[in-house]
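First up is the structure itself, then whatever we jot down about it.
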Amino acid sequence: MAQLLVELFSEEIPARMQQGAARDLERMAAERLKVAGLTYEALTTFAGPRRLTLVVEGLPTATPDREEELKGPRTSAPEQALDGFLRKTGLTKDQLSERDGVWFAVVREKGRPTAALIAEMVDGVVRGFPWPKSMRWGSGTLRWIRPLKRIVALFDGHVVPFEIDGIPSGDLTEGHRFLGCGRPFAVKDFADYRAKLESDFVLLDVVDRKLRILEGAQAACAAKGLALVDDDGLLDEVAGLAEWPTPILGDMDPQFLTLPPEVIRLSMKVHQKYFAVRDPAIGELAPHFVVVANIAAVDGGVALAAGNARVLSARLDDARFFWDEDRKVGFAPWLTKLAGVTYHAKLGTMAERVDRLSVLAGVIAPYVGSDENVAKEAGRLAKADLASGMVGEFPELQGVMGGYYAQHAQLGLPTIDAIRNHYQPQGPKDHVPTAPTAAAVALADKIDALVGFFAIDERPTGSKDPFALRRAALGVIRIVLEGPHRLPLTEVLEAARTILITSRAMSLDTPPTTKEILAFFADRLKVLLRDQGKRHDLVDAVFALGDDDLVRIVRRVEALDAFLATEDGANLLAGYKRASNILKAEEKKGFVPTGMVNTGLPNQPEAETTLAFAVAAAATAVDAALETEDFAAAMRALSQLRAPVDAFFDKVMVNSDVAEERENRLKLLGQVRAVMGRVADFGQIAG
């Protein structure tokens with residue numbers, strides 16, 4: 001078994017594309033090896049600023065000989081069918097065999113050297129690589145993210161010879177652009193390749209680069225009694241910018257600490273790729289930063305730190321200008337500007353959306369414990385900062401800056417909090433707004449988006465969700481459940497729908513139906529509960545009751561889940577399905593008797609009478625439990641039916657020859673189904 005090493009060496013690959021490229025290289029190589037009939041023990045890819053690397057361990061030196069029997073046409077088929085089969089197999093009629101009136105061919109294919117297949121594989125991968133953007137250079141036709149310079153292709157320690165658009169394969173690679181030896185060097189295998197790269201100041205694995213950055217940055221901060229502000233996203237990015245990353249601690253002008261910390265951190269991150277630093281003694285940002293250089297400076301990075309500090313000062317000067325100017329302008333002019341900002345061509349301007357949010361937040365306010373007028377005002381101001389200078393420069397700070405500006409304008413804590421947090425939650429790990437007014441505006445924001453985009457038929461499809469409607473629905477669910485807030489979802493969706501239709505921007509032929517959006521919520525709730533280990537069919541069983549109170553739905557699901565995990569629950573479910581199947585068969589005949597069940601019929605079996613009384617008692621207990629939303633008690637009441645139902649099916653013949661007996665027993669089964677159906681639609685439950 002042998003090793004394959006491939007390196008595609010180019011000019012700088014954008015950091016944001018490197019890990020995707022590593023995954024694509026792994027996928028494409030695995031697919032092509034499989035098609036070629038080659039097995040392997042391990043396949044690994046690496047991506048860095050100037051190279052993509054593939055190493056495959058345990059490859060055979062040749063593919064095995066292959067023999068395959070192909071079934072052809074019948075011997076009685078027209079001559080043309082036989083001719084086509086012969087062309088397909090490359091055989092003559094004499095080489096075919098006949099069995100049971102059908103022609104068969106045995107196709108034999110000799111194995112091929114793996115090296116020959118590797119050349120074809122690499123060529124196919126390079127020419128078909130799915131870069132998000134690519135370029136051509138010189139007079140060639142090859143497209144790559146940046147000009148491709150070298151190709152290393154070694155199999156079992158030997159060069160696999162081929163050429164792609166004038167670039168020959170070989171065993172030569174290069175180290176660090178500035179710190180390295182300055183000349184190409186040969187490698188023998190992956191271990192030699194990795195070791196020589198590291199000795200020439202290149203860390204091949206992104207994990208090693210990230211560790212070097214993190215340890216170096218933390219050590220530089222600790223030496224000054226400071227602490228690094230963690231930022232996993234920035235760490236991922238800078239690890240793709242430097243082959244030999246060297247963290248350097250720099251100083252920032254302390255006067256910039258009067259800016260909001262989010263502005264400082266984002267300016268560092270977006271424009272300069274710097275890490276922020278905090279003073280652990282006070283828990284606030286310190287006047288320092290960490291820059292990751294791609295060289296080991298002879299002066300310890302002093303000049304680099306000074307140069308980067310000057311650049312950062314210029315950036316923060318711009319931010320301070322926006323901060324000062326925005327506080328002079330205020331909310332009223334921004335709201336006027338929103339009239340000229342399009343939210344969506346079919347959904348009107350941002351000003352019109354703000355009007356909808358204000359009304360809808362007022363509708364939602366009583367359900368979450370907020371003052372209606374305060375919620376309406378917060379909804380009206382929530383999007384104003386989109387017209388501010390700071391958010392124009394840093395769109396990521398929408399809402400956050402609005403909160404600061406609301407604080408400056410002394411608009412009151414509920415309004416400040418609502419403006420700042422109404423975009424939350426923006427992901428599964430994000431916090432939900434807990435203050436009543438913030439919850440009202442956040443719910444209005446997400447529900448208006450859902451109703452609006454459903455109205456113009458911009459629903460999510462498959463993996464595409466350009467308007468983040470799945471995230472919006474999950475946000476609504478989390479705000480309601482974690483509140484917890486008793487929100488009548490149908491009523492609120494109807495209100496949002498009415499507000500939308502009467503909006504000046506709307507002219508809808510087919511407005512969205514509340515039923516469609518409720519079904520979408522059900523799907524999102526299934527995802528959320530499934531992630532928590534709950535069964536999705538239980539959500540269907542509870543949603544089928546028409547309940548739209550998310551808190552109550554989840555409590556029902558939890559109680560139902562616990563009940564079905566017991567022996568009584570599992571057996572009663574089986575009894576329900578048996579009763580339901582009998583009733584469905586009768587429904588197909590056109591008539592199922594209903595009404596009171598008689599308990600004094602001649603020769604009536606004791607099991608029938610016992611079940612009748614048990615159903616009546618369970619119905620009373622279930623209704624009382626549901627009235628107080630004690631769903632565990634409702635399940636306990638149902639559990640009392642398990643033994644009577646089992647005994648009934650064991651000892652009573654439902655399809656009696658006596659019409660009166662048969663009718664009475666069908667009524668009884670109907671009552672069993674009905675009382676269980678008050679808790680959930682057990683017919684939706686698998687098992």
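Naming works like this for the structure tokens: A, B, ... for the chains as they're shown, residue 1 at the start of each chain, ligands 1 onward in shown order.
Those residues that approach stretch 145-156 of chain A to within 6 Å, counting only C-alpha atoms, are Ala2, Gln3, Leu4, Leu5, Val6, Glu7, Leu8, Phe9, Ser10, Glu11, Ser134, Met135, Ser169, Gly170 and Asp171 of chain A; same-chain residues fewer than 6 positions away are not listed.
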Next, the residues of the selection above should be written as a JSON list (two decimals), in the first residue's frame with all heavy atoms.
```json
[["chain", "number", "residue", "atom", "x", "y", "z"],
["A", 2, "ALA", "N", 0.43, 2.28, -0.70],
["A", 2, "ALA", "CA", 1.29, 3.44, -0.92],
["A", 2, "ALA", "C", 0.59, 4.73, -0.52],
["A", 2, "ALA", "O", -0.61, 4.77, -0.26],
["A", 2, "ALA", "CB", 1.70, 3.51, -2.39],
["A", 3, "GLN", "N", 1.39, 5.81, -0.49],
["A", 3, "GLN", "CA", 0.90, 7.13, -0.12],
["A", 3, "GLN", "C", 0.86, 8.04, -1.34],
["A", 3, "GLN", "O", 1.77, 8.02, -2.17],
["A", 3, "GLN", "CB", 1.80, 7.74, 0.94],
["A", 3, "GLN", "CG", 1.39, 9.13, 1.41],
["A", 3, "GLN", "CD", 2.50, 9.81, 2.20],
["A", 3, "GLN", "OE1", 3.41, 10.43, 1.63],
["A", 3, "GLN", "NE2", 2.45, 9.67, 3.52],
["A", 4, "LEU", "N", -0.20, 8.87, -1.41],
["A", 4, "LEU", "CA", -0.30, 9.89, -2.45],
["A", 4, "LEU", "C", -0.21, 11.26, -1.78],
["A", 4, "LEU", "O", -0.90, 11.53, -0.79],
["A", 4, "LEU", "CB", -1.64, 9.77, -3.18],
["A", 4, "LEU", "CG", -2.02, 10.97, -4.09],
["A", 4, "LEU", "CD1", -1.04, 11.09, -5.26],
["A", 4, "LEU", "CD2", -3.45, 10.83, -4.59],
["A", 5, "LEU", "N", 0.64, 12.13, -2.31],
["A", 5, "LEU", "CA", 0.77, 13.50, -1.84],
["A", 5, "LEU", "C", 0.58, 14.44, -3.03],
["A", 5, "LEU", "O", 1.27, 14.31, -4.04],
["A", 5, "LEU", "CB", 2.15, 13.74, -1.21],
["A", 5, "LEU", "CG", 2.48, 15.20, -0.86],
["A", 5, "LEU", "CD1", 1.54, 15.73, 0.22],
["A", 5, "LEU", "CD2", 3.94, 15.32, -0.41],
["A", 6, "VAL", "N", -0.37, 15.35, -2.90],
["A", 6, "VAL", "CA", -0.61, 16.36, -3.94],
["A", 6, "VAL", "C", -0.64, 17.72, -3.28],
["A", 6, "VAL", "O", -1.32, 17.92, -2.27],
["A", 6, "VAL", "CB", -1.95, 16.11, -4.67],
["A", 6, "VAL", "CG1", -2.23, 17.25, -5.67],
["A", 6, "VAL", "CG2", -1.95, 14.77, -5.37],
["A", 7, "GLU", "N", 0.14, 18.67, -3.83],
["A", 7, "GLU", "CA", 0.08, 20.05, -3.38],
["A", 7, "GLU", "C", -0.20, 20.94, -4.58],
["A", 7, "GLU", "O", 0.46, 20.81, -5.63],
["A", 7, "GLU", "CB", 1.38, 20.49, -2.72],
["A", 7, "GLU", "CG", 1.30, 21.93, -2.22],
["A", 7, "GLU", "CD", 2.67, 22.55, -1.97],
["A", 7, "GLU", "OE1", 3.42, 22.77, -2.96],
["A", 7, "GLU", "OE2", 2.98, 22.82, -0.80],
["A", 8, "LEU", "N", -1.17, 21.84, -4.45],
["A", 8, "LEU", "CA", -1.49, 22.83, -5.48],
["A", 8, "LEU", "C", -1.07, 24.18, -4.91],
["A", 8, "LEU", "O", -1.73, 24.75, -4.04],
["A", 8, "LEU", "CB", -2.99, 22.80, -5.80],
["A", 8, "LEU", "CG", -3.51, 21.41, -6.24],
["A", 8, "LEU", "CD1", -5.03, 21.41, -6.30],
["A", 8, "LEU", "CD2", -2.92, 21.03, -7.60],
["A", 9, "PHE", "N", 0.07, 24.68, -5.40],
["A", 9, "PHE", "CA", 0.70, 25.89, -4.86],
["A", 9, "PHE", "C", 0.37, 27.08, -5.76],
["A", 9, "PHE", "O", 0.57, 27.02, -6.98],
["A", 9, "PHE", "CB", 2.21, 25.67, -4.78],
["A", 9, "PHE", "CG", 2.97, 26.83, -4.21],
["A", 9, "PHE", "CD1", 3.11, 26.97, -2.84],
["A", 9, "PHE", "CD2", 3.54, 27.79, -5.03],
["A", 9, "PHE", "CE1", 3.83, 28.03, -2.30],
["A", 9, "PHE", "CE2", 4.24, 28.86, -4.52],
["A", 9, "PHE", "CZ", 4.38, 28.98, -3.14],
["A", 10, "SER", "N", -0.14, 28.15, -5.16],
["A", 10, "SER", "CA", -0.60, 29.30, -5.96],
["A", 10, "SER", "C", -0.26, 30.61, -5.26],
["A", 10, "SER", "O", 0.35, 30.63, -4.19],
["A", 10, "SER", "CB", -2.12, 29.21, -6.16],
["A", 10, "SER", "OG", -2.79, 29.43, -4.92],
["A", 11, "GLU", "N", -0.70, 31.69, -5.87],
["A", 11, "GLU", "CA", -0.68, 32.98, -5.17],
["A", 11, "GLU", "C", -1.73, 32.93, -4.06],
["A", 11, "GLU", "O", -2.46, 31.96, -3.92],
["A", 11, "GLU", "CB", -0.97, 34.12, -6.16],
["A", 11, "GLU", "CG", 0.08, 34.31, -7.24],
["A", 11, "GLU", "CD", 1.43, 34.76, -6.68],
["A", 11, "GLU", "OE1", 1.44, 35.37, -5.58],
["A", 11, "GLU", "OE2", 2.46, 34.51, -7.32],
["A", 134, "SER", "N", -13.02, 32.78, -9.68],
["A", 134, "SER", "CA", -11.76, 32.27, -10.23],
["A", 134, "SER", "C", -11.28, 33.23, -11.31],
["A", 134, "SER", "O", -12.00, 34.15, -11.72],
["A", 134, "SER", "CB", -11.96, 30.86, -10.80],
["A", 134, "SER", "OG", -12.94, 30.87, -11.82],
["A", 135, "MET", "N", -10.04, 33.00, -11.78],
["A", 135, "MET", "CA", -9.46, 33.91, -12.76],
["A", 135, "MET", "C", -8.61, 33.12, -13.75],
["A", 135, "MET", "O", -8.21, 31.98, -13.50],
["A", 135, "MET", "CB", -8.59, 34.97, -12.06],
["A", 135, "MET", "CG", -7.40, 34.38, -11.30],
["A", 135, "MET", "SD", -6.36, 35.60, -10.49],
["A", 135, "MET", "CE", -5.63, 36.41, -11.90],
["A", 169, "SER", "N", 3.88, 18.62, -13.19],
["A", 169, "SER", "CA", 3.93, 18.08, -11.82],
["A", 169, "SER", "C", 5.39, 17.82, -11.46],
["A", 169, "SER", "O", 6.26, 17.70, -12.33],
["A", 169, "SER", "CB", 3.13, 16.79, -11.73],
["A", 169, "SER", "OG", 3.67, 15.81, -12.60],
["A", 170, "GLY", "N", 5.66, 17.72, -10.18],
["A", 170, "GLY", "CA", 7.03, 17.47, -9.73],
["A", 170, "GLY", "C", 7.07, 17.20, -8.25],
["A", 170, "GLY", "O", 6.06, 16.87, -7.63],
["A", 171, "ASP", "N", 8.25, 17.40, -7.65],
["A", 171, "ASP", "CA", 8.41, 17.18, -6.22],
["A", 171, "ASP", "C", 8.91, 18.43, -5.51],
["A", 171, "ASP", "O", 9.39, 18.38, -4.38],
["A", 171, "ASP", "CB", 9.36, 16.02, -5.95],
["A", 171, "ASP", "CG", 10.76, 16.28, -6.54],
["A", 171, "ASP", "OD1", 10.96, 17.32, -7.20],
["A", 171, "ASP", "OD2", 11.64, 15.41, -6.34]]
```
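All residues of protein, DNA or RNA that reach within 10 Å of A:Ala297, judged by only C-alpha atoms and not counting those fewer than 6 positions away in the chain, are Leu179, Thr246, Ile248, Ala303 and Leu304 of chain A.
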For the residues selected in the previous step, produce a file with N, CA and C atoms as a PDB file, in the first residue's frame.
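Wrote out_6.pdb, looks like this:
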```
ATOM      1  N   LEU A 179      10.397  34.644   5.153  1.00  0.00           N
ATOM      2  CA  LEU A 179      11.273  34.041   6.155  1.00  0.00           C
ATOM      3  C   LEU A 179      11.994  32.804   5.647  1.00  0.00           C
ATOM      4  N   THR A 246       2.515  35.429  13.806  1.00  0.00           N
ATOM      5  CA  THR A 246       3.243  35.932  14.970  1.00  0.00           C
ATOM      6  C   THR A 246       2.436  37.053  15.619  1.00  0.00           C
ATOM      7  N   ILE A 248       1.449  40.177  17.895  1.00  0.00           N
ATOM      8  CA  ILE A 248       2.193  41.314  18.429  1.00  0.00           C
ATOM      9  C   ILE A 248       1.206  42.208  19.169  1.00  0.00           C
ATOM     10  N   ALA A 303       8.195  48.134  15.515  1.00  0.00           N
ATOM     11  CA  ALA A 303       7.838  48.990  14.372  1.00  0.00           C
ATOM     12  C   ALA A 303       6.477  48.590  13.789  1.00  0.00           C
ATOM     13  N   LEU A 304       6.239  47.294  13.708  1.00  0.00           N
ATOM     14  CA  LEU A 304       4.945  46.827  13.201  1.00  0.00           C
ATOM     15  C   LEU A 304       3.802  47.308  14.082  1.00  0.00           C
TER      16      LEU A 304
END
```
- Using DSSP on the backbone coordinates, identify all residues within stretch 385-433 of chain A classified as alpha helix (DSSP H); present the result as number ranges by chain. A: 389-393, 400-408, 413-421
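Comparing the minimum interatomic distances between A:Ala365 and each of A:Asp279, A:Arg486, A:Val311, A:Pro425, counting only C-alpha atoms, we find that A:Arg486 sits nearest.
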- Among stretch 298-392 of chain A, which ones does DSSP place in strand (DSSP E), written as a PyMOL selection string? chain A and resi 342-344+348-349
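When only C-alpha atoms are used to measure the gap to A:Ala680, the shortest distance among A:Val542, A:Ala570, A:Cys181, A:Ala618 belongs to A:Val542.
Minimum distance to A:Thr114 across A:Ser656, A:Ser503, A:Thr63, A:Thr89 (counting only C-alpha atoms) occurs at A:Thr63.
Excluding A:Lys93 itself and any same-chain residue fewer than 2 positions from it, the protein and nucleic acid residues within 12 Å of it, counting only C-alpha atoms, are Gly72, Thr75, Glu79, Leu82, Asp83, Gly84, Phe85, Leu86, Arg87, Thr89, Gly90, Leu91, Gln95, Leu96, Ser97, Glu98, Trp103, Phe104, Ala105 and Val106 of chain A.
Close contacts of A:Leu43, defined as residues with an atom at most 7 Å away when counting only C-alpha atoms, with chain neighbours fewer than 3 positions off set aside, comprise Val55, Val56 and Glu57 of chain A.
Distances here use only C-alpha atoms; by that measure, the residue among A:Lys337, A:Arg678, A:Lys515, A:Lys376 closest to A:Asp355 is A:Lys376.
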- Task: Write out as a ChimeraX atom specification the residues lying within 9 Å of A:Phe453, counting only C-alpha atoms and excluding same-chain residues fewer than 6 positions away.
- Result: /A:347,459,467,469,512
Could you write out the selected residues, including N, CA, C and O atoms, as a PDB file, in the first residue's frame?
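Output below, filename selection.pdb:
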```
ATOM      1  N   LEU A 347     -42.934  44.796  -0.702  1.00  0.00           N
ATOM      2  CA  LEU A 347     -43.381  45.008   0.671  1.00  0.00           C
ATOM      3  C   LEU A 347     -43.195  46.445   1.140  1.00  0.00           C
ATOM      4  O   LEU A 347     -43.369  46.744   2.311  1.00  0.00           O
ATOM      5  N   ARG A 459     -41.315  31.900   0.269  1.00  0.00           N
ATOM      6  CA  ARG A 459     -41.126  30.910   1.325  1.00  0.00           C
ATOM      7  C   ARG A 459     -39.785  30.210   1.143  1.00  0.00           C
ATOM      8  O   ARG A 459     -39.307  30.074   0.034  1.00  0.00           O
ATOM      9  N   PHE A 467     -34.236  35.004   3.063  1.00  0.00           N
ATOM     10  CA  PHE A 467     -34.715  36.032   3.991  1.00  0.00           C
ATOM     11  C   PHE A 467     -34.722  35.544   5.444  1.00  0.00           C
ATOM     12  O   PHE A 467     -35.353  36.148   6.308  1.00  0.00           O
ATOM     13  N   LEU A 469     -36.149  33.161   7.088  1.00  0.00           N
ATOM     14  CA  LEU A 469     -37.461  32.975   7.714  1.00  0.00           C
ATOM     15  C   LEU A 469     -37.451  31.816   8.712  1.00  0.00           C
ATOM     16  O   LEU A 469     -38.193  31.835   9.696  1.00  0.00           O
ATOM     17  N   PRO A 512     -51.414  35.735   2.509  1.00  0.00           N
ATOM     18  CA  PRO A 512     -50.997  34.487   3.153  1.00  0.00           C
ATOM     19  C   PRO A 512     -52.080  33.964   4.090  1.00  0.00           C
ATOM     20  O   PRO A 512     -52.809  34.734   4.714  1.00  0.00           O
TER      21      PRO A 512
END
```
